Amino acid sequence: MAIPTPRSLSALCQTSLPLMLRHSSGKRMLSRVADIVESDRWNSFDHFHRTTEKLVRCYREAGAVAEVEALQTGGQIGSGRWIIQEAADVRSATVDVVHPFKERVLDYAENPWHVVQWSAATPAGGLRAELVVLDSREAIERLPKGRLRNKIVLTNGDPRALMELLADRGAVGVIGDRPVPNYPDALAWTKFGWGAIPMSHATARLVGFVLSQRQGEALRKKAQKFGSLELLLTADIRKYVGHHDVVSGIVRGADDPQDEVWAIAHSAEPGAADNASGVALTLEIAHLLEELIASGQLARPRRSIRLLNAYECYGFFGYLERTRRLQTPLAGVCIDTLGLKPMHCGGRLEWHSTIPMSASFVDRIGASVLRAALRRHRPGYALHLEPFVSTSDTLIGDPQYGFPCPWITTHHKRAGSGFDAYHSSADQLALLSAKGMETCAASMAAYLYYLANMGSREVLEVGRMERAHAVKHVGQAPSRKEAEYLRDVHRESNARLRRFLWGGDRRAILSELDEAEREVAALCSKARPAKGKGALPAGARHIPRRT
């Protein structure tokens, strides 16, 4: 069965999309990536606020409305809410060998990736500590408590995973030199926790530093040669109850500005690809749409398009929870790690589905736009349609909580394997492609514009597309359980689709959507129950009494 493409979507891909591709500027986006990295690379909240100022200025210069929501750090910790425990400003940090010779090992001012995020501070005069090399977790576990007192440990393990163990043995700090694939001089981005030190490690406090693989090897050789090295550690870090910012760039809707579609792209992260590229893309979407609207080449969309930049997951989820609105956003997209040169991402442009129970029609709309953009602009990517992946941000697609939210990315160099420079100081501007950025910006501008403009005609067309898709796949389902799952997906997708109704014969459209659900349900009832190898064993059919 051929699955129809909505005529209105085909028209958008033939008219508005080429217009957006022509006006999209890779040069402008690369310049903005560099500007964002200049402040976000310090991994420090005072610098994150500088990024906020830049984003607000860029959105306003583009003609969009800019808003800033300050989310407090601190509060009720451990409540299960999206709360960063404390803000942290890193002012300076150094490590020096002071005995048996003098040598500077690292300096935060030269490369801010040298400091572990959420590191503890030292006294003003620093801490003197003996260096101990321990690369095996088992070797650390064999040590009695207190054996590492007044020691700093050099390890190629993950400092976050070893944090509680090292603190329990009495260490004052840790220096990690985890290797970065194919980048021996790069520093791995290292954190003691995501939004702060996790509650499971709440009793542990360490000073944390990072070296490259090559720097770590050099320090190991010196420790072996001299038998013992004494280091002076300094870390001037201020931690406090403060705030982190959620920045919105809003392309206002002409008819109902309170109805919104969202694009989320996280800031407050030090890499160029991950994720200054995503933030630069949202700025470009605002610029593209407002420029074309102002020149009369595009009509203002019916609904508002909100472009959100914030601390990953803590910003978006916190904003969704704490900001009062009449209803949740209708749909959106997660923009994370875009525009890598084909050589760094294997030429893969991935479009990951939203959570399966969350209005999967957005997946097919986005895929249609991306195919059209790749044919026209030829950035060297091949489109890969991928299943839902649970990341910190895509979970916002949970239908009980947020909105349908596919993920667009060039993160993977092959299926399941990230680009080599991921989360390291090697994630620099040179990895990015101007043409790749243009393709992604124009595609997402067109995708969001289509959703923001959807009315009853589009609902009918998309509903028919979803009906054909559901009928085809339910008919091919290997078991009734699979068919029932697909039926429920179709029902949820239709429920979300109804929210886009605007004008036209509402009763007739709702009747057709209802009829589609009945057809899919009837087809589902004909599917055969699972037998043989696919059936659940008796023990797996038990329903637990307790959670």
# chains A, B, ... in the order shown; residues from 1 in each chain; ligands from 1
call {"tool": "closest_atom_pairs", "arguments": {"of": "region 67-173 of chain A", "to": "region 298-322 of chain A", "cutoff": "12 Å", "atoms": "only C-alpha atoms", "output": "JSON lines"}}
result
{"residue": "A:Glu67", "atom": "CA", "partner": "A:Leu308", "partner_atom": "CA", "distance": 9.5}
{"residue": "A:Val68", "atom": "CA", "partner": "A:Asn309", "partner_atom": "CA", "distance": 9.7}
{"residue": "A:Glu69", "atom": "CA", "partner": "A:Tyr319", "partner_atom": "CA", "distance": 7.7}
{"residue": "A:Ala70", "atom": "CA", "partner": "A:Tyr319", "partner_atom": "CA", "distance": 9.1}
{"residue": "A:Leu71", "atom": "CA", "partner": "A:Gly318", "partner_atom": "CA", "distance": 7.4}
{"residue": "A:Gln72", "atom": "CA", "partner": "A:Gly318", "partner_atom": "CA", "distance": 9.7}
{"residue": "A:Thr73", "atom": "CA", "partner": "A:Tyr314", "partner_atom": "CA", "distance": 10.1}
{"residue": "A:Gly80", "atom": "CA", "partner": "A:Gly318", "partner_atom": "CA", "distance": 11.3}
{"residue": "A:Arg81", "atom": "CA", "partner": "A:Gly318", "partner_atom": "CA", "distance": 7.7}
{"residue": "A:Trp82", "atom": "CA", "partner": "A:Tyr314", "partner_atom": "CA", "distance": 5.1}
{"residue": "A:Ile83", "atom": "CA", "partner": "A:Tyr314", "partner_atom": "CA", "distance": 6.5}
{"residue": "A:Ile84", "atom": "CA", "partner": "A:Tyr314", "partner_atom": "CA", "distance": 6.9}
{"residue": "A:Gln85", "atom": "CA", "partner": "A:Tyr314", "partner_atom": "CA", "distance": 10.7}
{"residue": "A:Ala87", "atom": "CA", "partner": "A:Tyr311", "partner_atom": "CA", "distance": 11.8}
call {"tool": "select_by_dssp", "arguments": {"residues": "region 295-353 of chain A", "states": "strand (DSSP E or B)", "output": "list of chain:residue names"}}
result
A:Arg303, A:Ser304, A:Ile305, A:Arg306, A:Leu307, A:Leu308, A:Asn309, A:Ala310, A:Tyr311, A:Gly332, A:Val333, A:Cys334, A:Ile335, A:Leu340, A:Arg348, A:Leu349, A:Glu350, A:Trp351, A:His352
call {"tool": "atom_distance", "arguments": {"atom1": "CA of Glu53 (chain A)", "atom2": "CA of Ser92 (chain A)"}}
result
22.8 Å
call {"tool": "residues_around", "arguments": {"residues": "Gly271 (chain A)", "least_positions_apart": "2", "cutoff": "12 Å", "atoms": "only C-alpha atoms", "output": "MDAnalysis selection string"}}
result
chainID A and resid 33:43 112:113 187:189 266:269 273:279 336:338 421:432
call {"tool": "write_last_selection", "arguments": {"atoms": "N, CA and C atoms", "output": "compact mmCIF listing (two decimals), in the first residue's frame"}}
result
# COMPACT_ATOMS: atom_id res chain seq x y z
N VAL A 33 28.52 29.97 16.19
CA VAL A 33 29.09 28.84 16.95
C VAL A 33 30.34 29.31 17.69
N ALA A 34 31.21 30.01 16.98
CA ALA A 34 32.45 30.50 17.61
C ALA A 34 32.14 31.44 18.77
N ASP A 35 31.15 32.29 18.60
CA ASP A 35 30.79 33.25 19.65
C ASP A 35 30.20 32.54 20.87
N ILE A 36 29.39 31.52 20.65
CA ILE A 36 28.80 30.76 21.76
C ILE A 36 29.88 29.98 22.50
N VAL A 37 30.77 29.33 21.76
CA VAL A 37 31.84 28.55 22.38
C VAL A 37 32.75 29.45 23.22
N GLU A 38 32.96 30.68 22.77
CA GLU A 38 33.85 31.60 23.50
C GLU A 38 33.43 31.76 24.96
N SER A 39 32.14 31.71 25.25
CA SER A 39 31.69 31.83 26.64
C SER A 39 31.34 30.48 27.26
N ASP A 40 30.69 29.59 26.52
CA ASP A 40 30.28 28.31 27.11
C ASP A 40 31.46 27.39 27.42
N ARG A 41 32.59 27.55 26.73
CA ARG A 41 33.71 26.65 26.92
C ARG A 41 34.29 26.70 28.33
N TRP A 42 33.99 27.77 29.08
CA TRP A 42 34.55 27.91 30.44
C TRP A 42 33.82 27.05 31.46
N ASN A 43 32.68 26.47 31.08
CA ASN A 43 31.96 25.57 31.99
C ASN A 43 31.72 26.21 33.34
N PRO A 112 40.07 25.52 29.62
CA PRO A 112 39.10 25.28 30.70
C PRO A 112 38.63 23.84 30.82
N TRP A 113 38.89 23.01 29.81
CA TRP A 113 38.53 21.59 29.92
C TRP A 113 39.36 20.89 30.99
N LEU A 187 41.38 16.71 25.67
CA LEU A 187 40.95 16.47 27.04
C LEU A 187 39.49 16.01 27.03
N ALA A 188 39.21 14.91 27.71
CA ALA A 188 37.84 14.42 27.80
C ALA A 188 37.03 15.34 28.73
N TRP A 189 35.84 15.73 28.28
CA TRP A 189 34.97 16.53 29.14
C TRP A 189 34.54 15.66 30.31
N HIS A 266 20.32 22.61 23.48
CA HIS A 266 20.92 22.98 24.76
C HIS A 266 22.19 23.79 24.61
N SER A 267 22.28 24.78 25.48
CA SER A 267 23.49 25.60 25.61
C SER A 267 24.19 25.17 26.90
N ALA A 268 25.13 26.00 27.40
CA ALA A 268 25.87 25.70 28.63
C ALA A 268 26.66 24.39 28.50
N GLU A 269 27.24 24.17 27.33
CA GLU A 269 28.07 23.00 27.10
C GLU A 269 29.25 23.44 26.23
N ALA A 273 30.39 21.31 18.13
CA ALA A 273 29.32 20.49 17.54
C ALA A 273 28.25 20.19 18.59
N ASP A 274 28.70 19.80 19.78
CA ASP A 274 27.80 19.46 20.88
C ASP A 274 27.95 20.50 21.99
N ASN A 275 27.12 21.60 22.05
CA ASN A 275 26.00 21.74 21.15
C ASN A 275 25.86 23.19 20.71
N ALA A 276 26.98 23.91 20.57
CA ALA A 276 26.88 25.26 20.03
C ALA A 276 26.28 25.24 18.63
N SER A 277 26.49 24.14 17.90
CA SER A 277 25.90 24.03 16.56
C SER A 277 24.39 24.07 16.62
N GLY A 278 23.81 23.34 17.59
CA GLY A 278 22.36 23.32 17.73
C GLY A 278 21.80 24.69 18.10
N VAL A 279 22.50 25.40 19.00
CA VAL A 279 22.05 26.73 19.40
C VAL A 279 22.13 27.70 18.23
N ASP A 336 20.37 18.64 18.32
CA ASP A 336 21.55 18.33 19.14
C ASP A 336 22.65 17.75 18.26
N THR A 337 23.74 18.48 18.14
CA THR A 337 24.94 18.07 17.39
C THR A 337 24.65 17.99 15.90
N LEU A 338 24.65 19.14 15.25
CA LEU A 338 24.31 19.24 13.83
C LEU A 338 25.48 19.80 13.02
N ALA A 421 35.46 13.07 18.40
CA ALA A 421 35.76 14.21 19.28
C ALA A 421 34.67 14.47 20.31
N TYR A 422 33.65 13.63 20.35
CA TYR A 422 32.50 13.82 21.24
C TYR A 422 32.94 14.06 22.68
N HIS A 423 32.37 15.08 23.31
CA HIS A 423 32.63 15.41 24.72
C HIS A 423 34.14 15.50 25.01
N SER A 424 34.81 16.23 24.16
CA SER A 424 36.24 16.46 24.39
C SER A 424 36.64 17.82 23.83
N SER A 425 37.82 18.26 24.21
CA SER A 425 38.32 19.55 23.74
C SER A 425 38.63 19.55 22.26
N ALA A 426 38.57 18.37 21.62
CA ALA A 426 38.74 18.29 20.16
C ALA A 426 37.48 18.70 19.42
N ASP A 427 36.38 18.90 20.14
CA ASP A 427 35.12 19.32 19.51
C ASP A 427 35.20 20.82 19.21
N GLN A 428 35.78 21.12 18.06
CA GLN A 428 36.08 22.49 17.68
C GLN A 428 35.35 22.87 16.39
N LEU A 429 35.36 24.16 16.11
CA LEU A 429 34.66 24.73 14.95
C LEU A 429 35.04 24.05 13.64
N ALA A 430 36.30 23.62 13.52
CA ALA A 430 36.77 23.04 12.26
C ALA A 430 36.04 21.75 11.89
N LEU A 431 35.34 21.14 12.83
CA LEU A 431 34.60 19.91 12.52
C LEU A 431 33.33 20.16 11.73
N LEU A 432 32.88 21.42 11.68
CA LEU A 432 31.55 21.73 11.15
C LEU A 432 31.57 22.13 9.68
call {"tool": "closest_residue", "arguments": {"among": "A:Leu330, A:Ala265, A:Leu374, A:Val97", "to": "Leu281 (chain A)", "atoms": "only C-alpha atoms"}}
result
A:Ala265
call {"tool": "residues_around", "arguments": {"residues": "Ser136 (chain A)", "least_positions_apart": "3", "cutoff": "8 Å", "atoms": "only C-alpha atoms", "output": "list of chain:residue names"}}
result
A:Ala139, A:Ile140, A:Thr155, A:Gly157
call {"tool": "write_last_selection", "arguments": {"atoms": "N, CA, C and O atoms", "output": "PDB file, in the first residue's frame"}}
result
ATOM      1  N   ALA A 139      42.279  -2.218  42.233  1.00  0.00           N
ATOM      2  CA  ALA A 139      43.429  -1.834  43.062  1.00  0.00           C
ATOM      3  C   ALA A 139      43.016  -0.807  44.118  1.00  0.00           C
ATOM      4  O   ALA A 139      43.492  -0.849  45.265  1.00  0.00           O
ATOM      5  N   ILE A 140      42.132   0.112  43.750  1.00  0.00           N
ATOM      6  CA  ILE A 140      41.652   1.110  44.721  1.00  0.00           C
ATOM      7  C   ILE A 140      40.802   0.434  45.791  1.00  0.00           C
ATOM      8  O   ILE A 140      40.915   0.734  46.992  1.00  0.00           O
ATOM      9  N   THR A 155      44.425   8.769  37.194  1.00  0.00           N
ATOM     10  CA  THR A 155      43.783   7.555  36.702  1.00  0.00           C
ATOM     11  C   THR A 155      43.262   7.755  35.286  1.00  0.00           C
ATOM     12  O   THR A 155      42.847   8.853  34.916  1.00  0.00           O
ATOM     13  N   GLY A 157      40.742   5.907  34.457  1.00  0.00           N
ATOM     14  CA  GLY A 157      39.351   5.525  34.626  1.00  0.00           C
ATOM     15  C   GLY A 157      38.467   6.760  34.635  1.00  0.00           C
ATOM     16  O   GLY A 157      38.933   7.897  34.506  1.00  0.00           O
TER      17      GLY A 157
END
call {"tool": "residues_around", "arguments": {"residues": "Leu349 (chain A)", "least_positions_apart": "6", "cutoff": "8 Å", "atoms": "only C-alpha atoms", "output": "NGL selection string"}}
result
:A and (381-384 or 408-410)
call {"tool": "write_last_selection", "arguments": {"atoms": "N, CA and C atoms", "output": "PDB file, in the first residue's frame"}}
result
ATOM      1  N   TYR A 381      25.348  14.392   2.966  1.00  0.00           N
ATOM      2  CA  TYR A 381      24.735  13.506   3.950  1.00  0.00           C
ATOM      3  C   TYR A 381      23.778  12.537   3.262  1.00  0.00           C
ATOM      4  N   ALA A 382      23.609  11.372   3.877  1.00  0.00           N
ATOM      5  CA  ALA A 382      22.513  10.461   3.545  1.00  0.00           C
ATOM      6  C   ALA A 382      21.589  10.428   4.747  1.00  0.00           C
ATOM      7  N   LEU A 383      20.283  10.459   4.494  1.00  0.00           N
ATOM      8  CA  LEU A 383      19.318  10.463   5.585  1.00  0.00           C
ATOM      9  C   LEU A 383      19.157   9.056   6.156  1.00  0.00           C
ATOM     10  N   HIS A 384      19.267   8.959   7.484  1.00  0.00           N
ATOM     11  CA  HIS A 384      19.060   7.697   8.188  1.00  0.00           C
ATOM     12  C   HIS A 384      17.889   7.879   9.145  1.00  0.00           C
ATOM     13  N   ILE A 408      17.046  15.438  15.608  1.00  0.00           N
ATOM     14  CA  ILE A 408      17.879  15.523  14.410  1.00  0.00           C
ATOM     15  C   ILE A 408      19.325  15.672  14.845  1.00  0.00           C
ATOM     16  N   THR A 409      20.218  14.886  14.216  1.00  0.00           N
ATOM     17  CA  THR A 409      21.620  14.906  14.661  1.00  0.00           C
ATOM     18  C   THR A 409      22.564  14.365  13.588  1.00  0.00           C
ATOM     19  N   THR A 410      23.807  14.791  13.662  1.00  0.00           N
ATOM     20  CA  THR A 410      24.904  14.154  12.914  1.00  0.00           C
ATOM     21  C   THR A 410      25.897  13.558  13.906  1.00  0.00           C
TER      22      THR A 410
END
call {"tool": "select_by_dssp", "arguments": {"residues": "region 70-301 of chain A", "states": "alpha helix (DSSP H)", "output": "ChimeraX atom specification"}}
result
/A:137-142,159-168,213-226,276-294
call {"tool": "residues_around", "arguments": {"residues": "region 142-146 of chain A", "least_positions_apart": "3", "cutoff": "6 Å", "atoms": "only C-alpha atoms", "output": "MDAnalysis selection string"}}
result
chainID A and resid 139 149 169:170
call {"tool": "write_last_selection", "arguments": {"atoms": "N, CA and C atoms", "output": "mmCIF file, in the first residue's frame"}}
result
data_model
loop_
_atom_site.group_PDB
_atom_site.id
_atom_site.type_symbol
_atom_site.label_atom_id
_atom_site.label_comp_id
_atom_site.auth_asym_id
_atom_site.auth_seq_id
_atom_site.Cartn_x
_atom_site.Cartn_y
_atom_site.Cartn_z
ATOM 1 N N ALA A 139 42.279 -2.218 42.233
ATOM 2 C CA ALA A 139 43.429 -1.834 43.062
ATOM 3 C C ALA A 139 43.016 -0.807 44.118
ATOM 4 N N ARG A 149 44.899 9.208 52.078
ATOM 5 C CA ARG A 149 44.786 10.512 52.722
ATOM 6 C C ARG A 149 45.907 11.443 52.269
ATOM 7 N N ARG A 169 38.647 6.432 50.507
ATOM 8 C CA ARG A 169 40.045 6.080 50.832
ATOM 9 C C ARG A 169 40.853 7.292 51.276
ATOM 10 N N GLY A 170 40.212 8.481 51.279
ATOM 11 C CA GLY A 170 40.859 9.660 51.841
ATOM 12 C C GLY A 170 41.522 10.589 50.846
#
call {"tool": "residues_around", "arguments": {"residues": "region 503-518 of chain A", "least_positions_apart": "6", "cutoff": "7 Å", "atoms": "only C-alpha atoms", "output": "PyMOL selection string"}}
result
chain A and resi 455-456+460+463+467+491+494
call {"tool": "atom_distance", "arguments": {"atom1": "CA of Leu131 (chain A)", "atom2": "CA of Glu86 (chain A)"}}
result
29.5 Å
call {"tool": "decode", "arguments": {"residues": "region 284-306 of chain A", "atoms": "N, CA and C atoms", "output": "PDB file, in the first residue's frame"}}
result
ATOM      1  N   GLU A 284      19.502  30.742  13.666  1.00  0.00           N
ATOM      2  CA  GLU A 284      19.333  30.872  12.220  1.00  0.00           C
ATOM      3  C   GLU A 284      17.878  30.657  11.808  1.00  0.00           C
ATOM      4  N   ILE A 285      17.189  29.741  12.465  1.00  0.00           N
ATOM      5  CA  ILE A 285      15.767  29.520  12.166  1.00  0.00           C
ATOM      6  C   ILE A 285      14.986  30.805  12.416  1.00  0.00           C
ATOM      7  N   ALA A 286      15.266  31.463  13.553  1.00  0.00           N
ATOM      8  CA  ALA A 286      14.591  32.738  13.846  1.00  0.00           C
ATOM      9  C   ALA A 286      14.909  33.764  12.772  1.00  0.00           C
ATOM     10  N   HIS A 287      16.189  33.850  12.390  1.00  0.00           N
ATOM     11  CA  HIS A 287      16.617  34.820  11.380  1.00  0.00           C
ATOM     12  C   HIS A 287      15.926  34.551  10.043  1.00  0.00           C
ATOM     13  N   LEU A 288      15.931  33.273   9.627  1.00  0.00           N
ATOM     14  CA  LEU A 288      15.323  32.890   8.345  1.00  0.00           C
ATOM     15  C   LEU A 288      13.848  33.260   8.288  1.00  0.00           C
ATOM     16  N   LEU A 289      13.117  32.804   9.294  1.00  0.00           N
ATOM     17  CA  LEU A 289      11.666  32.993   9.255  1.00  0.00           C
ATOM     18  C   LEU A 289      11.291  34.461   9.354  1.00  0.00           C
ATOM     19  N   GLU A 290      11.905  35.196  10.280  1.00  0.00           N
ATOM     20  CA  GLU A 290      11.547  36.604  10.437  1.00  0.00           C
ATOM     21  C   GLU A 290      11.960  37.425   9.213  1.00  0.00           C
ATOM     22  N   GLU A 291      13.078  37.086   8.605  1.00  0.00           N
ATOM     23  CA  GLU A 291      13.521  37.798   7.394  1.00  0.00           C
ATOM     24  C   GLU A 291      12.550  37.573   6.243  1.00  0.00           C
ATOM     25  N   LEU A 292      12.143  36.330   6.048  1.00  0.00           N
ATOM     26  CA  LEU A 292      11.240  36.015   4.941  1.00  0.00           C
ATOM     27  C   LEU A 292       9.835  36.558   5.192  1.00  0.00           C
ATOM     28  N   ILE A 293       9.421  36.593   6.456  1.00  0.00           N
ATOM     29  CA  ILE A 293       8.116  37.179   6.795  1.00  0.00           C
ATOM     30  C   ILE A 293       8.154  38.690   6.560  1.00  0.00           C
ATOM     31  N   ALA A 294       9.229  39.334   7.027  1.00  0.00           N
ATOM     32  CA  ALA A 294       9.338  40.789   6.879  1.00  0.00           C
ATOM     33  C   ALA A 294       9.381  41.217   5.419  1.00  0.00           C
ATOM     34  N   SER A 295       9.976  40.377   4.565  1.00  0.00           N
ATOM     35  CA  SER A 295      10.084  40.724   3.148  1.00  0.00           C
ATOM     36  C   SER A 295       8.838  40.336   2.349  1.00  0.00           C
ATOM     37  N   GLY A 296       7.868  39.739   3.031  1.00  0.00           N
ATOM     38  CA  GLY A 296       6.633  39.358   2.351  1.00  0.00           C
ATOM     39  C   GLY A 296       6.709  38.058   1.588  1.00  0.00           C
ATOM     40  N   GLN A 297       7.807  37.306   1.733  1.00  0.00           N
ATOM     41  CA  GLN A 297       7.954  36.047   1.009  1.00  0.00           C
ATOM     42  C   GLN A 297       7.318  34.869   1.735  1.00  0.00           C
ATOM     43  N   LEU A 298       7.053  35.052   3.025  1.00  0.00           N
ATOM     44  CA  LEU A 298       6.343  34.054   3.814  1.00  0.00           C
ATOM     45  C   LEU A 298       5.273  34.763   4.626  1.00  0.00           C
ATOM     46  N   ALA A 299       4.153  34.092   4.830  1.00  0.00           N
ATOM     47  CA  ALA A 299       3.145  34.618   5.745  1.00  0.00           C
ATOM     48  C   ALA A 299       3.554  34.269   7.168  1.00  0.00           C
ATOM     49  N   ARG A 300       3.173  35.118   8.113  1.00  0.00           N
ATOM     50  CA  ARG A 300       3.440  34.789   9.511  1.00  0.00           C
ATOM     51  C   ARG A 300       2.653  33.538   9.865  1.00  0.00           C
ATOM     52  N   PRO A 301       3.264  32.572  10.577  1.00  0.00           N
ATOM     53  CA  PRO A 301       2.549  31.330  10.891  1.00  0.00           C
ATOM     54  C   PRO A 301       1.371  31.577  11.832  1.00  0.00           C
ATOM     55  N   ARG A 302       0.409  30.672  11.795  1.00  0.00           N
ATOM     56  CA  ARG A 302      -0.751  30.810  12.670  1.00  0.00           C
ATOM     57  C   ARG A 302      -0.348  30.763  14.144  1.00  0.00           C
ATOM     58  N   ARG A 303       0.526  29.806  14.458  1.00  0.00           N
ATOM     59  CA  ARG A 303       0.944  29.586  15.850  1.00  0.00           C
ATOM     60  C   ARG A 303       2.366  30.064  16.052  1.00  0.00           C
ATOM     61  N   SER A 304       2.744  30.204  17.300  1.00  0.00           N
ATOM     62  CA  SER A 304       4.099  30.651  17.614  1.00  0.00           C
ATOM     63  C   SER A 304       5.091  29.501  17.546  1.00  0.00           C
ATOM     64  N   ILE A 305       6.305  29.831  17.148  1.00  0.00           N
ATOM     65  CA  ILE A 305       7.430  28.883  17.162  1.00  0.00           C
ATOM     66  C   ILE A 305       8.381  29.358  18.258  1.00  0.00           C
ATOM     67  N   ARG A 306       8.557  28.538  19.277  1.00  0.00           N
ATOM     68  CA  ARG A 306       9.444  28.894  20.393  1.00  0.00           C
ATOM     69  C   ARG A 306      10.748  28.109  20.245  1.00  0.00           C
TER      70      ARG A 306
END
